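**Student:** Structure in C-alpha cells, see below.
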Amino acid sequence: MSKDLFQSPDYYAVDGLLTEEHLLIRDTVRQWVKKEISPIIEDYCQRAAFPSHILKGLGELGCFGPTVPQEYGGGGMDHIAYGLMMQELERGDSGIRSTASVQGSLVMYPIFTFGSEAQKKKYLTKLATGEWMGCFGLTEPDHGSNPAGMITNFREDGDHVILNGAKMWISNAPFAQIAVVWAKDPEGVIRGIIVERGMEGFTTPETKGKWSLRASATGELVFDNVRVPKENILPLAKGLKGPLSCLSSARYGIAWGVIGAAMDCYDTALRYSKERSQFGRPIGGFQLTQKKLAEMVTEITKAQLLNWRLGVLKNEGKATPAQISMAKRNSCEVATKIARDARSILGGMGITGEFPVMRHMMNLESVLTYEGTHEIHLLITGMDVTGFDAFK
C-alpha cells in the first residue's frame, strides 16, 4: 500500500471545541494507526486474518477501557477522548475499532459497572493491558434484534451453575480468554455471567466466509453443560437493562468510529480527484464530482458536531440511550453513503486494495447492522418522540 497521507477534514474548526488533552490523545492514536495499521491492514483483510500482534500496542495506547478508572487499569479519560480514539482506530479499519470497542464497552464496562470488587480486581487490569481479551455474548442464532427472546440459560448446581445455549456473530470470540455472557436464570431473569476459556463444554468456533470485517475475528460461543462458579455472576445486573446499557456504551463509540472511516474515504476521494485527469483536466474540476465531495464533507461536519455534543452530554451524565441511538444510526448511514460515493469517484481503482475505500465500504455494511440495525434505531427514536412502542 502507498504511504498513509491521511489529513482529517475539519470544515467547522471542531478542533477548537476539544481540549489540548483530547487533541494529544487523538493525534497519538492517529500516528499509531499510520505506523502500525495502515501498512498491514490490506494484506490481513485480503487473507481474512486478524493481526493479533497489535493487541499489545492497543493496550499500551490505552484503547482498552479508556473511561475505566485508573485504579482498575483503565485510562480514567472522558467520553470525548474515548470517541476520538474510536474515530482514529476505525479510520484505520472497522475491525480494529471493533476489537477495542468490545474490550472496553462490552467486557470491561459491564464488569466495572455490574461486577463485584473481586471480579473487578481479577479481570480489569489484565483486560486493560490486552494480556487478556474478552468478548460479549448476547446475540443468538434466532434472536438478534430481539435479545429478550434469548434461550441461553443456566440452572443451579450447588456453588456452581450449569450453562447451556449458543451465541453467534461474536467479535473476539476465537481468541478471547473470557466471555461476558447474558443468559436467563431459573426464574427467566436475564443475568450476566463471566465464562472463562478452558471451562469444560465451552467452545468458540470461528465464523468463516465473511465479505465484511475480514480483519476482525468473529465466532460463536457454544455452551454445553458448562459449570461456572456462582462467583462469576455479575451481582448488579438483572434484566435486559444490563446488556442494553453495555450496547449504549458501544453504540456511542461506533457513532464516532464510523466517521473515522468516512473521513478516510472522503480524504482519499478528494486527493484522487485532484490527481486523476480525464478530458484534459482533473476530475475534481467537474460539477458532479464537486457535488459528491461537497456533500461528503457536509455530512462529516454535521456528524462531528452531533458526536461532540453527545460526548458533552455523556460527560455530564445526561446522554439518553435514544440520543445515542440517533447518533449511531446517523453516523452509520452517512458513512455508508460517503464510502459508496468515494468509490464512484475512484472508478475502477475504487475496488482495489491499492485504496482503502472498498474495504471501508464492506466493513460499514456490518457496522450498519450490528449493535442495533438501522431500522431498530429508527424505531427507538420514533418511540422516544411519539411515546408509542412500535416493537410490540
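By convention in this document, the chains of the C-alpha cells carry letters A, B, ... by their order, each chain's residues are numbered from 1, and ligands are numbered from 1 in the order they are shown.
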Name the residues of region 177-261 of chain A that come out as strand (DSSP E or B) in a backbone DSSP run; write them as a PyMOL selection string.
**Tutor:** chain A and resi 178-184+190-196+202-203+206+218-229+233-238
**Student:** Find the nearest atom pair between each residue of region 75-178 of chain A and region 214-227 of chain A for residues within 9 Å, count only C-alpha atoms, give distances in Å to one decimal, sort rows by chain and ascending number, and present the table as JSON lines.
**Tutor:**
```
{"residue": "A:Asp93", "atom": "CA", "partner": "A:Ala215", "partner_atom": "CA", "distance": 8.2}
{"residue": "A:Ser94", "atom": "CA", "partner": "A:Ser216", "partner_atom": "CA", "distance": 8.3}
{"residue": "A:Gly95", "atom": "CA", "partner": "A:Ser216", "partner_atom": "CA", "distance": 4.6}
{"residue": "A:Ile96", "atom": "CA", "partner": "A:Ser216", "partner_atom": "CA", "distance": 6.8}
{"residue": "A:Ser98", "atom": "CA", "partner": "A:Ser216", "partner_atom": "CA", "distance": 7.6}
{"residue": "A:Thr99", "atom": "CA", "partner": "A:Ser216", "partner_atom": "CA", "distance": 7.3}
{"residue": "A:Gly137", "atom": "CA", "partner": "A:Leu221", "partner_atom": "CA", "distance": 7.2}
{"residue": "A:Glu140", "atom": "CA", "partner": "A:Glu220", "partner_atom": "CA", "distance": 9.0}
{"residue": "A:Thr152", "atom": "CA", "partner": "A:Phe223", "partner_atom": "CA", "distance": 8.4}
{"residue": "A:Phe154", "atom": "CA", "partner": "A:Asn225", "partner_atom": "CA", "distance": 8.7}
{"residue": "A:Asp157", "atom": "CA", "partner": "A:Arg227", "partner_atom": "CA", "distance": 8.3}
{"residue": "A:His160", "atom": "CA", "partner": "A:Arg227", "partner_atom": "CA", "distance": 6.1}
{"residue": "A:Val161", "atom": "CA", "partner": "A:Arg227", "partner_atom": "CA", "distance": 5.7}
{"residue": "A:Ile162", "atom": "CA", "partner": "A:Arg227", "partner_atom": "CA", "distance": 4.7}
{"residue": "A:Leu163", "atom": "CA", "partner": "A:Val226", "partner_atom": "CA", "distance": 5.0}
{"residue": "A:Asn164", "atom": "CA", "partner": "A:Phe223", "partner_atom": "CA", "distance": 4.8}
{"residue": "A:Gly165", "atom": "CA", "partner": "A:Phe223", "partner_atom": "CA", "distance": 5.2}
{"residue": "A:Ala166", "atom": "CA", "partner": "A:Val222", "partner_atom": "CA", "distance": 4.5}
{"residue": "A:Lys167", "atom": "CA", "partner": "A:Leu221", "partner_atom": "CA", "distance": 4.9}
{"residue": "A:Met168", "atom": "CA", "partner": "A:Glu220", "partner_atom": "CA", "distance": 4.3}
{"residue": "A:Trp169", "atom": "CA", "partner": "A:Gly219", "partner_atom": "CA", "distance": 5.8}
{"residue": "A:Ile170", "atom": "CA", "partner": "A:Gly219", "partner_atom": "CA", "distance": 5.2}
{"residue": "A:Ser171", "atom": "CA", "partner": "A:Thr218", "partner_atom": "CA", "distance": 4.5}
{"residue": "A:Asn172", "atom": "CA", "partner": "A:Ala217", "partner_atom": "CA", "distance": 5.3}
{"residue": "A:Ala173", "atom": "CA", "partner": "A:Gly219", "partner_atom": "CA", "distance": 5.1}
{"residue": "A:Pro174", "atom": "CA", "partner": "A:Gly219", "partner_atom": "CA", "distance": 5.7}
{"residue": "A:Phe175", "atom": "CA", "partner": "A:Ala217", "partner_atom": "CA", "distance": 7.9}
```
**Student:** Could you list, with a cut-off of 10 Å and counting only C-alpha atoms, the residues of region 113-183 of chain A near region 355-372 of chain A, each shown with its nearest atom pair and the distance in Å rounded to one decimal, rows sorted by chain and ascending number, as a tab-separated table?
**Tutor:**
```
residue	atom	partner	partner_atom	distance
A:Thr139	CA	A:Glu371	CA	9.5
A:Gly144	CA	A:Gly372	CA	8.6
A:Ser145	CA	A:Gly372	CA	6.6
A:Asn146	CA	A:Gly372	CA	9.8
A:Trp169	CA	A:Tyr370	CA	9.0
```
**Student:** Using only C-alpha atoms, find the one residue out of A:Lys302, A:Arg276, A:Lys238, A:Arg251 that sits nearest to Pro9 (chain A).
**Tutor:**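 Smallest separation from Pro9 (chain A) among the options: A:Lys302.
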**Student:** Can you tell me, as a PyMOL selection string, what residues are no more than 9 Å from Arg340 (chain A) when counting only C-alpha atoms, ignoring any on the same chain fewer than 2 positions away?
**Tutor:** chain A and resi 265+335-338+342-345+357-358+361
**Student:** Which of these, A:Leu58, A:Ala327, A:Met383, A:Lys292, has the shortest distance to Asp341 (chain A) once you count only C-alpha atoms?
**Tutor:**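 Result for the nearest residue to Asp341 (chain A): A:Lys292.
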**Student:** What does the structure give for the distance between CA of Ala183 (chain A) and CA of Lys230 (chain A), in Å to one decimal?
**Tutor:** 13.3 Å
**Student:** Which residue, A:Asp10, A:Asp15, A:Glu71, A:Asp78, has the smallest gap to Asn315 (chain A) when you use only C-alpha atoms?
**Tutor:**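 Result for the nearest residue to Asn315 (chain A): A:Asp78.
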**Student:** Write out as a ChimeraX atom specification each polymer residue whose atoms come within 8 Å of Asp264 (chain A), counting only C-alpha atoms; drop sequence neighbours fewer than 4 positions from it.
**Tutor:** /A:6,8,91,260,268,356-357
**Student:** Provide the CA of Ala128 (chain A) to CA of Phe64 (chain A) distance in Å, to one decimal place.
**Tutor:**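 Taking CA of Ala128 (chain A) and CA of Phe64 (chain A), their separation equals 5.1 Å.
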**Student:** At a cut-off of 7 Å, using only C-alpha atoms, what residues contact Val107 (chain A)? Leave out same-chain residues fewer than 4 positions from it and give the result as a list in words.
**Tutor:**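 Non-adjacent residues within range: Val102, Gln103, Ile111, Gly134, Cys135, Phe136 and Val180 of chain A.
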**Student:** I need the chosen residues saved as a PDB file, in the first residue's frame, with C-alpha atoms.
**Tutor:**
```pdb
ATOM      1  CA  VAL A 102     -15.817  -4.904  22.528  1.00  0.00           C
ATOM      2  CA  GLN A 103     -13.000  -4.951  25.061  1.00  0.00           C
ATOM      3  CA  ILE A 111     -17.546  -5.863  34.857  1.00  0.00           C
ATOM      4  CA  GLY A 134     -12.792 -10.586  26.173  1.00  0.00           C
ATOM      5  CA  CYS A 135     -15.971 -10.931  24.162  1.00  0.00           C
ATOM      6  CA  PHE A 136     -19.669 -10.213  24.711  1.00  0.00           C
ATOM      7  CA  VAL A 180     -19.378 -11.826  29.360  1.00  0.00           C
TER       8      VAL A 180
END
```
**Student:** Quick one: of A:Leu106, A:Met199, A:Leu310, A:Ala250, who's nearest to Val181 (chain A), counting only C-alpha atoms?
**Tutor:**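 Using only C-alpha atoms, the shortest distance to Val181 (chain A) belongs to A:Leu106.
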**Student:** Determine the nearest neighbour of Arg47 (chain A) from the options A:Ala237, A:Gly353, A:Ser116, A:Met86, counting only C-alpha atoms.
**Tutor:**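 Among the listed residues, A:Gly353 lies closest to Arg47 (chain A).
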**Student:** May I ask for the distance between CA of Met133 (chain A) and CA of Asp4 (chain A), given in Å to one decimal place?
**Tutor:**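 According to the coordinates, CA of Met133 (chain A) and CA of Asp4 (chain A) are separated by 28.5 Å.
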